[in-house]
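Student: To start, I am sharing the structure in question, which I have written as structure tokens.
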Amino acid sequence: MADVSRNRSETRLPERANIRTVKELQPELLAALLGGDAVVLDITACREVDFSFVQMIEAARLYARVVGKTLTLSAPAEGAVLDVLRRAGFLDQVSPEHASFWLHREV
């Protein structure tokens, strides 16, 4: 899952990232955050997602900020991830910070 270098770690999340799997994904994501100053998440394979996935990513993003690290997505949210963000109302009045992180755009 994680490819860790000195200061940067790249993590590709699997197809299933939902309530059944986030408990397994969370320690791997934390390890990536502990292993590098900058973590890039690849969520392009995520096809089976729910809001627990979004909550995990948001918690990781906030944790990274608190400990002085960065967490970014390798590509903007699309497909199932974008659908979950929309259904949850996450994008109704999207903040500049969320637009930048999830959509790679300015508001």
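Residue numbering restarts at 1 in every chain; chains get A, B, ... in the order shown in the structure tokens, and ligands count up from 1 in that same order.
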Enumerate the residues of chain A with a DSSP assignment of strand (DSSP E or B), computed from the backbone, and present them as JSON, numbers by chain.
Tutor: {"A": [2, 3, 4, 8, 9, 10, 11, 12, 16, 17, 38, 39, 40, 41, 42, 48, 49, 70, 71, 72, 73]}
Student: Output the selection as a compact mmCIF listing (two decimals), in the first residue's frame - N, CA, C and O atoms for each residue.
Tutor:
# COMPACT_ATOMS: atom_id res chain seq x y z
N ALA A 2 1.84 1.37 0.89
CA ALA A 2 2.62 2.60 1.00
C ALA A 2 4.00 2.41 0.40
O ALA A 2 4.64 1.39 0.57
N ASP A 3 4.46 3.42 -0.31
CA ASP A 3 5.81 3.49 -0.83
C ASP A 3 6.44 4.68 -0.14
O ASP A 3 6.16 5.82 -0.48
N VAL A 4 7.30 4.42 0.85
CA VAL A 4 7.82 5.49 1.70
C VAL A 4 9.26 5.82 1.33
O VAL A 4 10.10 4.96 1.24
N ARG A 8 8.79 11.76 1.93
CA ARG A 8 7.52 11.70 1.22
C ARG A 8 7.04 10.26 1.17
O ARG A 8 7.81 9.34 0.96
N SER A 9 5.76 10.09 1.37
CA SER A 9 5.21 8.76 1.25
C SER A 9 4.01 8.81 0.32
O SER A 9 3.21 9.75 0.37
N GLU A 10 3.95 7.85 -0.57
CA GLU A 10 2.84 7.74 -1.50
C GLU A 10 2.04 6.50 -1.12
O GLU A 10 2.61 5.43 -0.98
N THR A 11 0.76 6.66 -0.97
CA THR A 11 -0.10 5.57 -0.54
C THR A 11 -1.26 5.42 -1.51
O THR A 11 -1.99 6.37 -1.76
N ARG A 12 -1.40 4.22 -2.03
CA ARG A 12 -2.51 3.91 -2.93
C ARG A 12 -3.56 3.15 -2.13
O ARG A 12 -3.29 2.09 -1.59
N ARG A 16 -11.89 -1.13 -2.13
CA ARG A 16 -12.85 -1.04 -1.03
C ARG A 16 -12.31 -0.14 0.07
O ARG A 16 -11.31 -0.45 0.69
N ALA A 17 -13.01 0.94 0.30
CA ALA A 17 -12.66 1.88 1.36
C ALA A 17 -13.97 2.32 1.99
O ALA A 17 -14.50 3.37 1.69
N ALA A 38 5.45 14.59 3.83
CA ALA A 38 4.39 14.82 2.86
C ALA A 38 3.83 13.47 2.43
O ALA A 38 4.57 12.58 2.06
N VAL A 39 2.53 13.33 2.51
CA VAL A 39 1.87 12.09 2.12
C VAL A 39 0.93 12.40 0.96
O VAL A 39 0.13 13.33 1.03
N VAL A 40 1.07 11.61 -0.09
CA VAL A 40 0.21 11.75 -1.26
C VAL A 40 -0.65 10.49 -1.33
O VAL A 40 -0.12 9.37 -1.38
N LEU A 41 -1.96 10.68 -1.31
CA LEU A 41 -2.89 9.56 -1.40
C LEU A 41 -3.39 9.40 -2.82
O LEU A 41 -3.83 10.35 -3.45
N ASP A 42 -3.33 8.17 -3.28
CA ASP A 42 -3.91 7.83 -4.58
C ASP A 42 -5.23 7.12 -4.29
O ASP A 42 -5.24 5.99 -3.80
N GLU A 48 -15.66 1.28 -3.98
CA GLU A 48 -16.66 0.98 -2.96
C GLU A 48 -16.33 1.82 -1.73
O GLU A 48 -15.55 1.41 -0.89
N VAL A 49 -16.92 3.02 -1.68
CA VAL A 49 -16.63 3.94 -0.59
C VAL A 49 -17.92 4.39 0.07
O VAL A 49 -19.00 4.33 -0.53
N THR A 70 1.98 17.41 5.45
CA THR A 70 0.95 17.67 4.45
C THR A 70 0.38 16.36 3.93
O THR A 70 1.08 15.36 3.81
N LEU A 71 -0.90 16.42 3.64
CA LEU A 71 -1.60 15.28 3.05
C LEU A 71 -2.33 15.82 1.83
O LEU A 71 -3.08 16.80 1.92
N THR A 72 -2.08 15.22 0.68
CA THR A 72 -2.72 15.64 -0.56
C THR A 72 -3.22 14.42 -1.31
O THR A 72 -2.80 13.29 -1.03
N LEU A 73 -4.09 14.67 -2.26
CA LEU A 73 -4.56 13.61 -3.15
C LEU A 73 -3.77 13.69 -4.45
O LEU A 73 -3.47 14.78 -4.94
Student: Can you tell me, as a compact mmCIF listing (two decimals) with all heavy atoms, in the first residue's frame, what residues are no more than 9 Å from Ile19 in chain A when counting only C-alpha atoms, ignoring any on the same chain fewer than 4 positions away?
Tutor:
# COMPACT_ATOMS: atom_id res chain seq x y z
N LYS A 23 -11.14 0.34 9.25
CA LYS A 23 -10.40 -0.07 10.45
C LYS A 23 -9.05 -0.67 10.07
O LYS A 23 -8.07 -0.52 10.79
CB LYS A 23 -11.23 -1.07 11.26
CG LYS A 23 -10.63 -1.40 12.59
CD LYS A 23 -11.53 -2.27 13.42
CE LYS A 23 -10.89 -2.57 14.75
NZ LYS A 23 -11.74 -3.39 15.60
N VAL A 49 -16.92 3.02 -1.68
CA VAL A 49 -16.63 3.94 -0.59
C VAL A 49 -17.92 4.39 0.07
O VAL A 49 -19.00 4.33 -0.53
CB VAL A 49 -15.83 5.17 -1.08
CG1 VAL A 49 -14.50 4.77 -1.64
CG2 VAL A 49 -16.60 5.96 -2.10
N ASP A 50 -17.79 4.83 1.30
CA ASP A 50 -18.91 5.43 2.01
C ASP A 50 -18.36 6.59 2.85
O ASP A 50 -17.18 6.91 2.76
CB ASP A 50 -19.68 4.41 2.85
CG ASP A 50 -18.85 3.73 3.91
OD1 ASP A 50 -17.76 4.25 4.27
OD2 ASP A 50 -19.26 2.67 4.41
N PHE A 51 -19.22 7.20 3.64
CA PHE A 51 -18.79 8.39 4.36
C PHE A 51 -17.72 8.09 5.41
O PHE A 51 -16.95 8.98 5.76
CB PHE A 51 -19.98 9.13 4.97
CG PHE A 51 -19.64 10.53 5.37
CD1 PHE A 51 -19.28 11.47 4.42
CD2 PHE A 51 -19.64 10.91 6.69
CE1 PHE A 51 -18.93 12.76 4.78
CE2 PHE A 51 -19.29 12.20 7.07
CZ PHE A 51 -18.94 13.12 6.10
N SER A 52 -17.62 6.87 5.89
CA SER A 52 -16.57 6.54 6.85
C SER A 52 -15.19 6.74 6.22
O SER A 52 -14.23 7.13 6.89
CB SER A 52 -16.72 5.13 7.40
OG SER A 52 -16.57 4.17 6.38
N PHE A 53 -15.08 6.51 4.94
CA PHE A 53 -13.84 6.75 4.20
C PHE A 53 -13.51 8.24 4.22
O PHE A 53 -12.38 8.64 4.51
CB PHE A 53 -14.00 6.24 2.77
CG PHE A 53 -12.96 6.76 1.82
CD1 PHE A 53 -11.68 6.26 1.82
CD2 PHE A 53 -13.28 7.75 0.91
CE1 PHE A 53 -10.72 6.74 0.95
CE2 PHE A 53 -12.34 8.24 0.02
CZ PHE A 53 -11.06 7.73 0.04
Student: Counting only C-alpha atoms, what is within 12 Å of Ala99 in chain A, bar same-chain residues fewer than 4 positions away, as a list in words?
Tutor: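 Skipping anything fewer than 4 positions along the chain leaves Thr72, Leu73, Pro76, Ala77, Leu82, Leu85, Phe90, Leu91, Asp92, Gln93, Val94, Ser95, Leu103, His104, Arg105, Glu106 and Val107 of chain A.
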Student: Please identify all polymer residues within 7 Å of Leu13 in chain A, counting only C-alpha atoms, omitting same-chain residues fewer than 5 positions from it, and present them as a ChimeraX atom specification.
Tutor: /A:1,42-43,45-46
Student: Which is closest to Ala60 in chain A among A:Gly79, A:Arg47, A:Arg86, A:Leu30, if we use only C-alpha atoms?
Tutor: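 Going through A:Gly79, A:Arg47, A:Arg86, A:Leu30 one by one, the smallest distance to Ala60 in chain A is for A:Leu30.
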Student: Rounded to one decimal in Å, what is the spacing between CA of Asn18 in chain A and CA of Ile57 in chain A?
Tutor: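 Distance between the two atoms: 11.5 Å.
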Student: For CA of Pro27 in chain A and CA of His98 in chain A, determine how far apart the two atoms are, in Å to one decimal place.
Tutor: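 Taking CA of Pro27 in chain A and CA of His98 in chain A, their separation equals 23.4 Å.
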Student: Quick check, in Å to one decimal: how far apart do CA of Gly68 in chain A and CA of Leu33 in chain A lie?
Tutor: 10.3 Å
Student: Using DSSP on the backbone, list every residue of chain A that comes out as alpha helix (DSSP H), and give them as a count of residues only.
Tutor: 42
Student: Which residue gives the smallest distance to Ala31 in chain A among A:Ala64, A:Trp102, A:Asp83, A:Pro14, with only C-alpha atoms counted?
Tutor: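 Smallest separation from Ala31 in chain A among the options: A:Ala64.
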Student: Select, from A:Glu28, A:Phe101, A:Val22, A:Leu34, the residue with the minimum atom-to-atom distance to Tyr63 in chain A, counting only C-alpha atoms.
Tutor: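 Distance minimum relative to Tyr63 in chain A lands on A:Leu34.
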Student: Using only C-alpha atoms, which residue out of A:Glu24, A:Asp37, A:Glu78, A:Glu15 lies closest to Arg65 in chain A?
Tutor: A:Asp37
